[in-house]
Amino acid sequence: RHTGAMTRITCLLLFILVLINSIYCQRDYYVAAVVEHTPVFKFGTVDRDEALSIMNKNLDVYEGHLKYIANNNNTERAEIVVFPEDGLYGPAFPTRESIFPYLEQVPSIHSIPCGNSSLDNSPVTRRLSCLAKGYKMVVVANMGSIEYCSNDANCPIDGHFQYNTQLAFDENGKLLAKYHKSHLYGESQFDQAKPIPVTFSTSFGVKFGMLICFDSMFEEPQKGLYEEGVRDVVFSLWWVNVSPLIIATQVQRGLSLLHGINLLAANSGYNWFNSGSGIYSQGKILQSYFNPSSSSSEKVLISRVPKLNGEKIIPSTENMREDQRVEFAQSILNSPALVTVVFPPNQTQGIVEASNGTLKCKVKYSFASPSSETFALLATKGSWMAHKSVEICMVIRCPGGGSKCGQSTYQSSTPFNVLVLEGNMSTGKGQMLPLASTDGSKLLETENMRVDFKRRRMQIVDGSKEKIVNFGFFHPLF
């Protein structure tokens with residue numbers, strides 16, 4: 001009789017678990033969190049014990065965030081949490097040797113590192129697994145990993161590969177996936193992996209692709225992810241902001257809008273030079289955060305995210321102006337540098353053109369009221385910073401007048417009634433990211449802008465009186 005009762009209880013519990021899982025899978029949304037984190041780190045060489053001490057201090061902060069997310073009564077419980085690139089040890093590693101004490105081997109996919117005593121040499125992986133299991137959430141985190149390769153013809157001289165690695169654990173602590181960064185941003189401490197698309201599926205019915213920072217500027221592995229039908233991407237990054245031209249949150253929203261995806265982006269909170277995290281759905285801003293100060297910050301963003309099962313939404317072109325199209329001038333400026341054409345002073349409306357090589361950019365504008373601030377149209381084509389080939393057509397605010405165009409600024413007090421930008425950027429050779437921010441480096445709300453990728457044109461909604469800091473296309477070429 002006792003055995004029969006226990007069997008019935010066990011069956012009931014299993015039924016409840018299956019029912020709960022069914023409910024989560026049938027919902028038309030999931031709940032996600034991203035963490036902007038400033039890591040504890042140390043310049044200079046350390047031994048393995050000190051490296052573990054530093055990483056555990058950061059893992060303590062991660063656990064604090066997970067505890068907050070799990071116990072936050074103001075929001076639904078998150079099912080997936082994403083942490084930033086380099087979040088366990090920071091960016092201060094000029095050589096392979098300097099980061100080596102922080103690296104560890106990652107166990108095989110589908111293993112459960114938590115509680116596995118055979119993985120004493122992988123304590124960070126094991127603790128991440130235990131955090132996911134303990135707080136019953138999918139945890140995505142970035143770390144440095146090592147793979148020995150003595151029999152590999154491409155093996156480095158020191159006998160192992162060193163990778164910038166993103167890991168995903170399910171709510172039971174199982175390792176779902178590992179992805180190695182394939183496009184390094186001056187990271188001589190790591191080896192560049194092949195751009196192989198990596199995905200994982202969750203108990204709440206969503207398949208995720210994985211990206212790390214600079215990977216987002218290249219065709220692969222992104223193309224492979226989208227060809228596999230991925231509509232949701234986890235994105236760990238330590239971004240380099242170049243104000244007013246390109247800020248992390250602008251790129252994130254641009255990627256989400258261009259590719260029609262949900263994007264969960266977790267960035268470093270080190271300061272204004274790196275900050276910017278968010279949660280986006282097909283370009284819609286669900287949550288975003290940017291720290292404009294020189295002080296570090298910690299920030300948790302939580303949001304419902306709609307499950308995308310249908311066709312991707314084409315950005316709205318409703319009410320896009322047709323009366324403002326004019327032919328580009330025939331003159332071409334061949335300067336390889338950034339070309340900036342300042343808006344004429346004391347004019348509240350007009351048309352401005354800028355050219356760079358074969359790239360031609362044009363903007364029509366109208367201020368809501370006379371302005372003492374200076375704006376310019378920027379055009380560039382060719383190499384720029386770490387980008388080997390890029391096209392940029394961008395309206396930017398120039399702090400201190402036209403002689404200081406391109407200097408950092410996050411402020412604007414000039415409302416625009418009309419702002420229409422177009423360019424003759426190359427088609428089919430890259431990804432055309434629409435970037436737009438307003439005073440305080442806030443993202444221009446997607447509802448207040450229109451983008452036509454085919455015609456390479458974007459505009460603000462007439463009369464929205466947006467105080468623009470930058471507005472235009474950033475187009476890395478493949």
# chains A, B, ... in the order shown; residues from 1 in each chain; ligands from 1

$ residues_around --residues "Lys360 in chain A" --least-positions-apart "3" --cutoff "6 Å" --atoms "only C-alpha atoms" --output "mmCIF file with N, CA, C and O atoms, in the first residue's frame"
data_model
loop_
_atom_site.group_PDB
_atom_site.id
_atom_site.type_symbol
_atom_site.label_atom_id
_atom_site.label_comp_id
_atom_site.auth_asym_id
_atom_site.auth_seq_id
_atom_site.Cartn_x
_atom_site.Cartn_y
_atom_site.Cartn_z
ATOM 1 N N SER A 355 30.245 63.649 -50.122
ATOM 2 C CA SER A 355 30.698 62.527 -50.938
ATOM 3 C C SER A 355 32.087 62.101 -50.498
ATOM 4 O O SER A 355 32.888 62.915 -50.033
ATOM 5 N N GLY A 423 21.601 57.441 -49.055
ATOM 6 C CA GLY A 423 22.932 57.279 -49.609
ATOM 7 C C GLY A 423 22.937 56.207 -50.666
ATOM 8 O O GLY A 423 21.982 55.442 -50.795
ATOM 9 N N ASN A 424 24.022 56.129 -51.419
ATOM 10 C CA ASN A 424 24.129 55.114 -52.479
ATOM 11 C C ASN A 424 25.059 53.983 -52.035
ATOM 12 O O ASN A 424 25.879 53.499 -52.810
#

$ residues_around --residues "Ala248 in chain A" --least-positions-apart "2" --cutoff "12 Å" --atoms "only C-alpha atoms" --output "PDB file with N, CA and C atoms, in the first residue's frame"
ATOM      1  N   GLU A  36      24.650  44.178 -17.275  1.00  0.00           N
ATOM      2  CA  GLU A  36      25.815  45.007 -17.574  1.00  0.00           C
ATOM      3  C   GLU A  36      26.684  45.021 -16.323  1.00  0.00           C
ATOM      4  N   CYS A 213      30.566  40.031 -29.377  1.00  0.00           N
ATOM      5  CA  CYS A 213      31.086  41.354 -29.722  1.00  0.00           C
ATOM      6  C   CYS A 213      31.339  41.561 -31.218  1.00  0.00           C
ATOM      7  N   PHE A 214      32.615  41.604 -31.649  1.00  0.00           N
ATOM      8  CA  PHE A 214      32.989  41.991 -32.999  1.00  0.00           C
ATOM      9  C   PHE A 214      32.479  41.015 -34.055  1.00  0.00           C
ATOM     10  N   SER A 216      29.603  40.460 -34.620  1.00  0.00           N
ATOM     11  CA  SER A 216      28.386  41.064 -35.162  1.00  0.00           C
ATOM     12  C   SER A 216      28.638  41.910 -36.398  1.00  0.00           C
ATOM     13  N   PHE A 235      24.102  37.704 -26.947  1.00  0.00           N
ATOM     14  CA  PHE A 235      25.191  38.538 -27.452  1.00  0.00           C
ATOM     15  C   PHE A 235      25.969  39.095 -26.260  1.00  0.00           C
ATOM     16  N   SER A 236      27.149  38.529 -26.003  1.00  0.00           N
ATOM     17  CA  SER A 236      28.033  39.023 -24.952  1.00  0.00           C
ATOM     18  C   SER A 236      29.079  39.934 -25.597  1.00  0.00           C
ATOM     19  N   LEU A 237      29.321  41.102 -24.998  1.00  0.00           N
ATOM     20  CA  LEU A 237      30.241  42.035 -25.644  1.00  0.00           C
ATOM     21  C   LEU A 237      30.957  42.923 -24.631  1.00  0.00           C
ATOM     22  N   TRP A 238      32.134  43.392 -25.071  1.00  0.00           N
ATOM     23  CA  TRP A 238      32.871  44.473 -24.418  1.00  0.00           C
ATOM     24  C   TRP A 238      33.128  45.475 -25.536  1.00  0.00           C
ATOM     25  N   TRP A 239      32.161  46.359 -25.760  1.00  0.00           N
ATOM     26  CA  TRP A 239      32.144  47.222 -26.931  1.00  0.00           C
ATOM     27  C   TRP A 239      33.076  48.419 -26.747  1.00  0.00           C
ATOM     28  N   VAL A 240      33.514  48.988 -27.873  1.00  0.00           N
ATOM     29  CA  VAL A 240      34.265  50.242 -27.870  1.00  0.00           C
ATOM     30  C   VAL A 240      33.380  51.298 -28.534  1.00  0.00           C
ATOM     31  N   ASN A 241      32.880  52.248 -27.735  1.00  0.00           N
ATOM     32  CA  ASN A 241      32.000  53.295 -28.252  1.00  0.00           C
ATOM     33  C   ASN A 241      32.816  54.419 -28.890  1.00  0.00           C
ATOM     34  N   VAL A 242      32.307  54.951 -29.995  1.00  0.00           N
ATOM     35  CA  VAL A 242      32.917  56.100 -30.659  1.00  0.00           C
ATOM     36  C   VAL A 242      31.814  57.153 -30.806  1.00  0.00           C
ATOM     37  N   SER A 243      31.645  57.956 -29.781  1.00  0.00           N
ATOM     38  CA  SER A 243      30.596  58.976 -29.794  1.00  0.00           C
ATOM     39  C   SER A 243      31.041  60.159 -30.656  1.00  0.00           C
ATOM     40  N   PRO A 244      30.117  60.769 -31.433  1.00  0.00           N
ATOM     41  CA  PRO A 244      28.685  60.456 -31.512  1.00  0.00           C
ATOM     42  C   PRO A 244      28.350  59.478 -32.626  1.00  0.00           C
ATOM     43  N   LEU A 245      29.358  58.813 -33.177  1.00  0.00           N
ATOM     44  CA  LEU A 245      29.158  58.048 -34.406  1.00  0.00           C
ATOM     45  C   LEU A 245      28.496  56.689 -34.176  1.00  0.00           C
ATOM     46  N   ILE A 246      29.014  55.909 -33.229  1.00  0.00           N
ATOM     47  CA  ILE A 246      28.542  54.535 -33.072  1.00  0.00           C
ATOM     48  C   ILE A 246      28.636  54.124 -31.603  1.00  0.00           C
ATOM     49  N   GLN A 250      23.060  51.411 -30.110  1.00  0.00           N
ATOM     50  CA  GLN A 250      22.598  51.695 -31.471  1.00  0.00           C
ATOM     51  C   GLN A 250      22.847  50.502 -32.390  1.00  0.00           C
ATOM     52  N   VAL A 251      24.036  49.912 -32.264  1.00  0.00           N
ATOM     53  CA  VAL A 251      24.368  48.736 -33.074  1.00  0.00           C
ATOM     54  C   VAL A 251      23.426  47.583 -32.745  1.00  0.00           C
ATOM     55  N   GLN A 252      23.161  47.382 -31.455  1.00  0.00           N
ATOM     56  CA  GLN A 252      22.286  46.292 -31.031  1.00  0.00           C
ATOM     57  C   GLN A 252      20.893  46.434 -31.635  1.00  0.00           C
ATOM     58  N   ARG A 253      20.316  47.646 -31.512  1.00  0.00           N
ATOM     59  CA  ARG A 253      18.984  47.849 -32.096  1.00  0.00           C
ATOM     60  C   ARG A 253      19.027  47.709 -33.617  1.00  0.00           C
ATOM     61  N   GLY A 254      20.117  48.201 -34.244  1.00  0.00           N
ATOM     62  CA  GLY A 254      20.251  48.080 -35.689  1.00  0.00           C
ATOM     63  C   GLY A 254      20.300  46.629 -36.151  1.00  0.00           C
ATOM     64  N   LEU A 255      21.050  45.786 -35.431  1.00  0.00           N
ATOM     65  CA  LEU A 255      21.110  44.357 -35.764  1.00  0.00           C
ATOM     66  C   LEU A 255      19.738  43.705 -35.638  1.00  0.00           C
ATOM     67  N   ALA A 265      21.522  41.472 -25.339  1.00  0.00           N
ATOM     68  CA  ALA A 265      22.889  41.998 -25.402  1.00  0.00           C
ATOM     69  C   ALA A 265      23.360  42.442 -24.029  1.00  0.00           C
ATOM     70  N   ALA A 266      24.447  41.832 -23.546  1.00  0.00           N
ATOM     71  CA  ALA A 266      25.034  42.155 -22.238  1.00  0.00           C
ATOM     72  C   ALA A 266      26.442  42.693 -22.451  1.00  0.00           C
ATOM     73  N   ASN A 267      26.692  43.903 -21.942  1.00  0.00           N
ATOM     74  CA  ASN A 267      27.942  44.615 -22.205  1.00  0.00           C
ATOM     75  C   ASN A 267      28.659  44.935 -20.894  1.00  0.00           C
ATOM     76  N   SER A 268      29.894  45.357 -21.020  1.00  0.00           N
ATOM     77  CA  SER A 268      30.656  45.838 -19.872  1.00  0.00           C
ATOM     78  C   SER A 268      30.090  47.170 -19.393  1.00  0.00           C
ATOM     79  N   GLY A 269      30.077  47.377 -18.086  1.00  0.00           N
ATOM     80  CA  GLY A 269      29.634  48.642 -17.529  1.00  0.00           C
ATOM     81  C   GLY A 269      30.783  49.527 -17.106  1.00  0.00           C
ATOM     82  N   TRP A 272      31.550  55.155 -20.020  1.00  0.00           N
ATOM     83  CA  TRP A 272      30.940  55.580 -21.274  1.00  0.00           C
ATOM     84  C   TRP A 272      31.634  55.007 -22.499  1.00  0.00           C
ATOM     85  N   PHE A 273      32.904  54.668 -22.368  1.00  0.00           N
ATOM     86  CA  PHE A 273      33.673  54.170 -23.504  1.00  0.00           C
ATOM     87  C   PHE A 273      33.253  52.764 -23.913  1.00  0.00           C
ATOM     88  N   ASN A 274      32.630  52.029 -23.005  1.00  0.00           N
ATOM     89  CA  ASN A 274      32.259  50.640 -23.285  1.00  0.00           C
ATOM     90  C   ASN A 274      30.781  50.333 -23.089  1.00  0.00           C
ATOM     91  N   SER A 275      30.075  51.110 -22.303  1.00  0.00           N
ATOM     92  CA  SER A 275      28.733  50.762 -21.846  1.00  0.00           C
ATOM     93  C   SER A 275      27.712  50.640 -22.981  1.00  0.00           C
ATOM     94  N   GLY A 276      26.607  49.958 -22.673  1.00  0.00           N
ATOM     95  CA  GLY A 276      25.469  49.851 -23.568  1.00  0.00           C
ATOM     96  C   GLY A 276      24.960  48.429 -23.680  1.00  0.00           C
ATOM     97  N   SER A 277      23.804  48.140 -23.045  1.00  0.00           N
ATOM     98  CA  SER A 277      23.203  46.805 -23.070  1.00  0.00           C
ATOM     99  C   SER A 277      21.721  46.941 -23.393  1.00  0.00           C
ATOM    100  N   GLY A 278      21.100  45.835 -23.810  1.00  0.00           N
ATOM    101  CA  GLY A 278      19.681  45.940 -24.097  1.00  0.00           C
ATOM    102  C   GLY A 278      19.034  44.638 -24.508  1.00  0.00           C
ATOM    103  N   SER A 288      16.775  49.069 -22.601  1.00  0.00           N
ATOM    104  CA  SER A 288      18.145  49.437 -22.966  1.00  0.00           C
ATOM    105  C   SER A 288      18.739  50.317 -21.879  1.00  0.00           C
ATOM    106  N   TYR A 289      20.069  50.312 -21.826  1.00  0.00           N
ATOM    107  CA  TYR A 289      20.774  51.080 -20.801  1.00  0.00           C
ATOM    108  C   TYR A 289      22.119  51.517 -21.351  1.00  0.00           C
ATOM    109  N   PHE A 290      22.460  52.783 -21.098  1.00  0.00           N
ATOM    110  CA  PHE A 290      23.779  53.309 -21.446  1.00  0.00           C
ATOM    111  C   PHE A 290      24.274  54.173 -20.295  1.00  0.00           C
ATOM    112  N   ASN A 291      25.505  53.942 -19.875  1.00  0.00           N
ATOM    113  CA  ASN A 291      26.113  54.704 -18.791  1.00  0.00           C
ATOM    114  C   ASN A 291      27.000  55.792 -19.391  1.00  0.00           C
ATOM    115  N   PRO A 292      26.555  57.066 -19.389  1.00  0.00           N
ATOM    116  CA  PRO A 292      27.329  58.131 -20.033  1.00  0.00           C
ATOM    117  C   PRO A 292      28.447  58.700 -19.173  1.00  0.00           C
ATOM    118  N   LEU A 433      23.341  48.989 -41.055  1.00  0.00           N
ATOM    119  CA  LEU A 433      22.778  49.185 -39.727  1.00  0.00           C
ATOM    120  C   LEU A 433      22.297  50.626 -39.568  1.00  0.00           C
ATOM    121  N   LEU A 435      21.532  53.644 -37.394  1.00  0.00           N
ATOM    122  CA  LEU A 435      21.903  54.093 -36.058  1.00  0.00           C
ATOM    123  C   LEU A 435      21.261  55.457 -35.803  1.00  0.00           C
ATOM    124  N   ALA A 436      20.707  55.640 -34.602  1.00  0.00           N
ATOM    125  CA  ALA A 436      20.060  56.913 -34.290  1.00  0.00           C
ATOM    126  C   ALA A 436      19.967  57.081 -32.784  1.00  0.00           C
ATOM    127  N   SER A 437      20.436  58.259 -32.297  1.00  0.00           N
ATOM    128  CA  SER A 437      20.314  58.546 -30.869  1.00  0.00           C
ATOM    129  C   SER A 437      19.910  59.995 -30.670  1.00  0.00           C
ATOM    130  N   SER A 441      22.218  60.464 -25.350  1.00  0.00           N
ATOM    131  CA  SER A 441      22.540  59.210 -26.037  1.00  0.00           C
ATOM    132  C   SER A 441      21.457  58.156 -25.841  1.00  0.00           C
ATOM    133  N   LYS A 442      20.223  58.619 -25.693  1.00  0.00           N
ATOM    134  CA  LYS A 442      19.087  57.695 -25.669  1.00  0.00           C
ATOM    135  C   LYS A 442      18.801  57.250 -27.095  1.00  0.00           C
ATOM    136  N   LEU A 443      18.389  56.009 -27.233  1.00  0.00           N
ATOM    137  CA  LEU A 443      18.022  55.521 -28.558  1.00  0.00           C
ATOM    138  C   LEU A 443      16.786  56.249 -29.050  1.00  0.00           C
TER     139      LEU A 443
END

$ residues_around --residues "Pro434 in chain A" --least-positions-apart "5" --cutoff "7 Å" --atoms "only C-alpha atoms" --output "list in words"
Gly254, Gly472, Phe473 and Phe474 of chain A

$ closest_residue --among "A:Gln105, A:Gln347, A:Asn172, A:Gln26" --to "Ser145 in chain A" --atoms "only C-alpha atoms"
A:Gln105

$ select_by_dssp --residues "range 28-143 of chain A" --states "alpha helix (DSSP H)" --output "VMD selection string"
chain A and resid 48 to 71 96 to 99 123 to 135

$ residues_around --residues "range 58-70 of chain A" --least-positions-apart "3" --cutoff "9 Å" --atoms "only C-alpha atoms" --output "mmCIF file with N, CA and C atoms, in the first residue's frame"
data_model
loop_
_atom_site.group_PDB
_atom_site.id
_atom_site.type_symbol
_atom_site.label_atom_id
_atom_site.label_comp_id
_atom_site.auth_asym_id
_atom_site.auth_seq_id
_atom_site.Cartn_x
_atom_site.Cartn_y
_atom_site.Cartn_z
ATOM 1 N N ALA A 33 16.789 38.268 -19.095
ATOM 2 C CA ALA A 33 17.545 39.290 -18.370
ATOM 3 C C ALA A 33 18.933 39.391 -18.980
ATOM 4 N N VAL A 35 22.769 41.402 -18.063
ATOM 5 C CA VAL A 35 23.493 42.068 -16.974
ATOM 6 C C VAL A 35 24.651 42.875 -17.544
ATOM 7 N N HIS A 37 27.886 44.532 -16.455
ATOM 8 C CA HIS A 37 28.740 44.255 -15.296
ATOM 9 C C HIS A 37 30.127 44.850 -15.496
ATOM 10 N N THR A 38 30.649 45.467 -14.447
ATOM 11 C CA THR A 38 32.027 45.954 -14.445
ATOM 12 C C THR A 38 32.890 44.964 -13.681
ATOM 13 N N PRO A 39 33.782 44.243 -14.341
ATOM 14 C CA PRO A 39 34.513 43.179 -13.657
ATOM 15 C C PRO A 39 35.605 43.697 -12.725
ATOM 16 N N VAL A 40 35.840 42.922 -11.687
ATOM 17 C CA VAL A 40 37.054 43.067 -10.885
ATOM 18 C C VAL A 40 38.194 42.520 -11.727
ATOM 19 N N PHE A 41 39.285 43.269 -11.892
ATOM 20 C CA PHE A 41 40.408 42.743 -12.659
ATOM 21 C C PHE A 41 41.707 43.371 -12.171
ATOM 22 N N SER A 53 40.922 33.609 -7.678
ATOM 23 C CA SER A 53 40.363 34.541 -6.691
ATOM 24 C C SER A 53 39.629 35.683 -7.384
ATOM 25 N N ILE A 54 40.228 36.233 -8.436
ATOM 26 C CA ILE A 54 39.599 37.328 -9.185
ATOM 27 C C ILE A 54 38.310 36.854 -9.846
ATOM 28 N N MET A 55 38.351 35.698 -10.487
ATOM 29 C CA MET A 55 37.157 35.197 -11.171
ATOM 30 C C MET A 55 36.043 34.861 -10.187
ATOM 31 N N ASN A 73 10.248 40.884 -7.020
ATOM 32 C CA ASN A 73 8.789 40.763 -7.074
ATOM 33 C C ASN A 73 8.150 41.703 -8.075
ATOM 34 N N THR A 75 8.961 41.966 -11.253
ATOM 35 C CA THR A 75 8.972 41.411 -12.597
ATOM 36 C C THR A 75 8.746 39.907 -12.536
ATOM 37 N N GLU A 76 8.425 39.319 -13.695
ATOM 38 C CA GLU A 76 8.348 37.870 -13.780
ATOM 39 C C GLU A 76 9.749 37.286 -13.689
ATOM 40 N N ARG A 77 9.798 36.064 -13.253
ATOM 41 C CA ARG A 77 11.086 35.392 -13.107
ATOM 42 C C ARG A 77 11.713 35.154 -14.481
ATOM 43 N N ALA A 78 12.952 35.576 -14.648
ATOM 44 C CA ALA A 78 13.636 35.384 -15.925
ATOM 45 C C ALA A 78 13.963 33.910 -16.138
ATOM 46 N N VAL A 81 19.452 34.316 -18.615
ATOM 47 C CA VAL A 81 20.245 35.470 -18.188
ATOM 48 C C VAL A 81 21.554 35.476 -18.985
ATOM 49 N N PHE A 83 25.370 37.297 -19.494
ATOM 50 C CA PHE A 83 26.433 38.105 -18.889
ATOM 51 C C PHE A 83 27.412 38.559 -19.973
ATOM 52 N N GLY A 87 33.685 39.288 -18.637
ATOM 53 C CA GLY A 87 33.091 39.658 -17.353
ATOM 54 C C GLY A 87 33.729 39.018 -16.145
ATOM 55 N N LEU A 88 34.542 37.980 -16.339
ATOM 56 C CA LEU A 88 35.156 37.286 -15.206
ATOM 57 C C LEU A 88 36.568 37.755 -14.908
ATOM 58 N N TYR A 89 37.177 38.530 -15.855
ATOM 59 C CA TYR A 89 38.580 38.899 -15.625
ATOM 60 C C TYR A 89 38.992 40.223 -16.260
ATOM 61 N N VAL A 124 35.711 27.129 -12.609
ATOM 62 C CA VAL A 124 34.841 28.217 -13.054
ATOM 63 C C VAL A 124 33.645 27.660 -13.828
ATOM 64 N N ARG A 127 31.319 26.112 -11.359
ATOM 65 C CA ARG A 127 30.517 27.054 -10.573
ATOM 66 C C ARG A 127 29.418 27.691 -11.424
ATOM 67 N N LEU A 128 29.711 28.011 -12.667
ATOM 68 C CA LEU A 128 28.666 28.540 -13.552
ATOM 69 C C LEU A 128 27.529 27.535 -13.696
ATOM 70 N N LEU A 131 25.470 27.665 -10.587
ATOM 71 C CA LEU A 131 24.628 28.861 -10.522
ATOM 72 C C LEU A 131 23.371 28.672 -11.362
ATOM 73 N N ALA A 132 23.524 28.128 -12.557
ATOM 74 C CA ALA A 132 22.357 27.872 -13.402
ATOM 75 C C ALA A 132 21.408 26.894 -12.730
ATOM 76 N N TYR A 135 19.730 28.461 -9.389
ATOM 77 C CA TYR A 135 18.705 29.496 -9.584
ATOM 78 C C TYR A 135 17.713 29.135 -10.681
ATOM 79 N N LYS A 136 17.839 27.926 -11.225
ATOM 80 C CA LYS A 136 16.883 27.392 -12.191
ATOM 81 C C LYS A 136 16.669 28.333 -13.374
ATOM 82 N N MET A 137 17.770 28.784 -13.948
ATOM 83 C CA MET A 137 17.728 29.649 -15.120
ATOM 84 C C MET A 137 18.758 29.192 -16.139
ATOM 85 N N LYS A 299 24.118 46.962 -13.917
ATOM 86 C CA LYS A 299 22.723 47.156 -14.284
ATOM 87 C C LYS A 299 22.114 45.845 -14.739
ATOM 88 N N VAL A 300 20.906 45.561 -14.243
ATOM 89 C CA VAL A 300 20.157 44.381 -14.666
ATOM 90 C C VAL A 300 18.925 44.847 -15.435
ATOM 91 N N ILE A 302 15.431 43.433 -17.390
ATOM 92 C CA ILE A 302 14.537 42.271 -17.482
ATOM 93 C C ILE A 302 13.348 42.641 -18.348
#

$ atom_distance --atom1 "CA of Ala368 in chain A" --atom2 "CA of Thr380 in chain A"
28.3 Å

$ select_by_dssp --residues "range 105-257 of chain A" --states "strand (DSSP E)" --output "VMD selection string"
chain A and resid 138 to 148 160 to 169 175 to 180 199 to 201 207 to 212 232 to 236

$ write_last_selection --atoms "N, CA and C atoms" --output "compact mmCIF listing (two decimals), in the first residue's frame"
# COMPACT_ATOMS: atom_id res chain seq x y z
N VAL A 138 18.49 29.46 -17.40
CA VAL A 138 19.52 29.30 -18.42
C VAL A 138 20.51 30.44 -18.23
N VAL A 139 21.78 30.10 -18.08
CA VAL A 139 22.83 31.10 -17.86
C VAL A 139 23.80 31.08 -19.03
N VAL A 140 24.02 32.27 -19.62
CA VAL A 140 24.98 32.43 -20.71
C VAL A 140 26.11 33.32 -20.19
N ALA A 141 27.34 32.81 -20.22
CA ALA A 141 28.47 33.55 -19.67
C ALA A 141 29.69 33.37 -20.56
N ASN A 142 30.57 34.35 -20.48
CA ASN A 142 31.79 34.38 -21.29
C ASN A 142 33.00 34.09 -20.40
N MET A 143 33.95 33.31 -20.93
CA MET A 143 35.17 33.00 -20.20
C MET A 143 36.28 32.64 -21.18
N GLY A 144 37.48 32.48 -20.67
CA GLY A 144 38.59 32.03 -21.49
C GLY A 144 38.75 30.52 -21.38
N SER A 145 38.92 29.86 -22.51
CA SER A 145 39.06 28.41 -22.48
C SER A 145 40.34 27.98 -23.20
N ILE A 146 40.76 26.77 -22.93
CA ILE A 146 41.98 26.21 -23.49
C ILE A 146 41.68 24.84 -24.09
N GLU A 147 42.25 24.57 -25.26
CA GLU A 147 42.11 23.26 -25.90
C GLU A 147 43.49 22.81 -26.37
N TYR A 148 43.95 21.68 -25.86
CA TYR A 148 45.27 21.16 -26.23
C TYR A 148 45.20 20.52 -27.62
N HIS A 160 48.64 24.54 -27.51
CA HIS A 160 47.21 24.63 -27.19
C HIS A 160 46.60 25.87 -27.84
N PHE A 161 45.28 25.77 -28.07
CA PHE A 161 44.51 26.93 -28.51
C PHE A 161 43.95 27.65 -27.29
N GLN A 162 43.89 28.97 -27.38
CA GLN A 162 43.27 29.79 -26.34
C GLN A 162 42.11 30.55 -26.98
N TYR A 163 40.91 30.36 -26.42
CA TYR A 163 39.73 30.91 -27.05
C TYR A 163 38.96 31.84 -26.11
N ASN A 164 38.37 32.86 -26.72
CA ASN A 164 37.36 33.69 -26.08
C ASN A 164 36.04 32.95 -26.26
N THR A 165 35.45 32.46 -25.18
CA THR A 165 34.40 31.45 -25.28
C THR A 165 33.13 31.87 -24.55
N GLN A 166 32.00 31.61 -25.21
CA GLN A 166 30.68 31.83 -24.61
C GLN A 166 30.05 30.47 -24.32
N LEU A 167 29.57 30.31 -23.08
CA LEU A 167 28.95 29.05 -22.66
C LEU A 167 27.49 29.27 -22.31
N ALA A 168 26.68 28.24 -22.54
CA ALA A 168 25.26 28.27 -22.15
C ALA A 168 24.95 27.03 -21.33
N PHE A 169 24.34 27.23 -20.16
CA PHE A 169 23.93 26.14 -19.27
C PHE A 169 22.41 26.19 -19.10
N LEU A 175 25.57 21.69 -19.64
CA LEU A 175 26.21 22.54 -20.63
C LEU A 175 25.52 22.32 -21.98
N LEU A 176 24.82 23.36 -22.45
CA LEU A 176 24.06 23.26 -23.70
C LEU A 176 24.92 23.53 -24.93
N ALA A 177 25.85 24.48 -24.81
CA ALA A 177 26.62 24.88 -25.99
C ALA A 177 27.85 25.65 -25.57
N LYS A 178 28.86 25.62 -26.42
CA LYS A 178 30.02 26.50 -26.27
C LYS A 178 30.37 27.08 -27.63
N TYR A 179 30.65 28.35 -27.65
CA TYR A 179 30.97 29.05 -28.90
C TYR A 179 32.26 29.82 -28.72
N HIS A 180 33.18 29.68 -29.68
CA HIS A 180 34.45 30.40 -29.65
C HIS A 180 34.36 31.63 -30.57
N THR A 199 24.29 26.95 -31.91
CA THR A 199 22.95 27.20 -31.38
C THR A 199 22.68 26.29 -30.18
N PHE A 200 21.66 26.65 -29.41
CA PHE A 200 21.15 25.76 -28.37
C PHE A 200 19.65 25.98 -28.22
N SER A 201 18.95 24.95 -27.79
CA SER A 201 17.50 25.01 -27.59
C SER A 201 17.18 24.89 -26.11
N LYS A 207 15.01 28.54 -29.70
CA LYS A 207 16.34 28.20 -30.19
C LYS A 207 17.17 29.48 -30.29
N PHE A 208 18.33 29.49 -29.66
CA PHE A 208 19.19 30.67 -29.63
C PHE A 208 20.46 30.45 -30.44
N GLY A 209 20.92 31.52 -31.10
CA GLY A 209 22.25 31.56 -31.68
C GLY A 209 23.17 32.33 -30.76
N MET A 210 24.48 32.16 -30.94
CA MET A 210 25.47 32.76 -30.04
C MET A 210 26.42 33.67 -30.83
N LEU A 211 26.66 34.87 -30.29
CA LEU A 211 27.62 35.81 -30.86
C LEU A 211 28.41 36.49 -29.76
N ILE A 212 29.65 36.87 -30.07
CA ILE A 212 30.48 37.63 -29.13
C ILE A 212 30.98 38.89 -29.84
N ASP A 232 16.47 34.26 -32.35
CA ASP A 232 16.86 34.79 -31.05
C ASP A 232 18.36 34.61 -30.88
N VAL A 233 19.04 35.68 -30.43
CA VAL A 233 20.50 35.65 -30.33
C VAL A 233 20.94 36.16 -28.97
N VAL A 234 21.86 35.42 -28.33
CA VAL A 234 22.51 35.90 -27.10
C VAL A 234 23.84 36.51 -27.49
N PHE A 235 24.10 37.70 -26.95
CA PHE A 235 25.19 38.54 -27.45
C PHE A 235 25.97 39.10 -26.26
N SER A 236 27.15 38.53 -26.00
CA SER A 236 28.03 39.02 -24.95
C SER A 236 29.08 39.93 -25.60

$ residues_around --residues "Ile112 in chain A" --least-positions-apart "5" --cutoff "7 Å" --atoms "only C-alpha atoms" --output "PyMOL selection string"
chain A and resi 129+173-175

$ residues_around --residues "Ser403 in chain A" --least-positions-apart "3" --cutoff "12 Å" --atoms "only C-alpha atoms" --output "PyMOL selection string"
chain A and resi 340-342+374-376+397-400+406-407
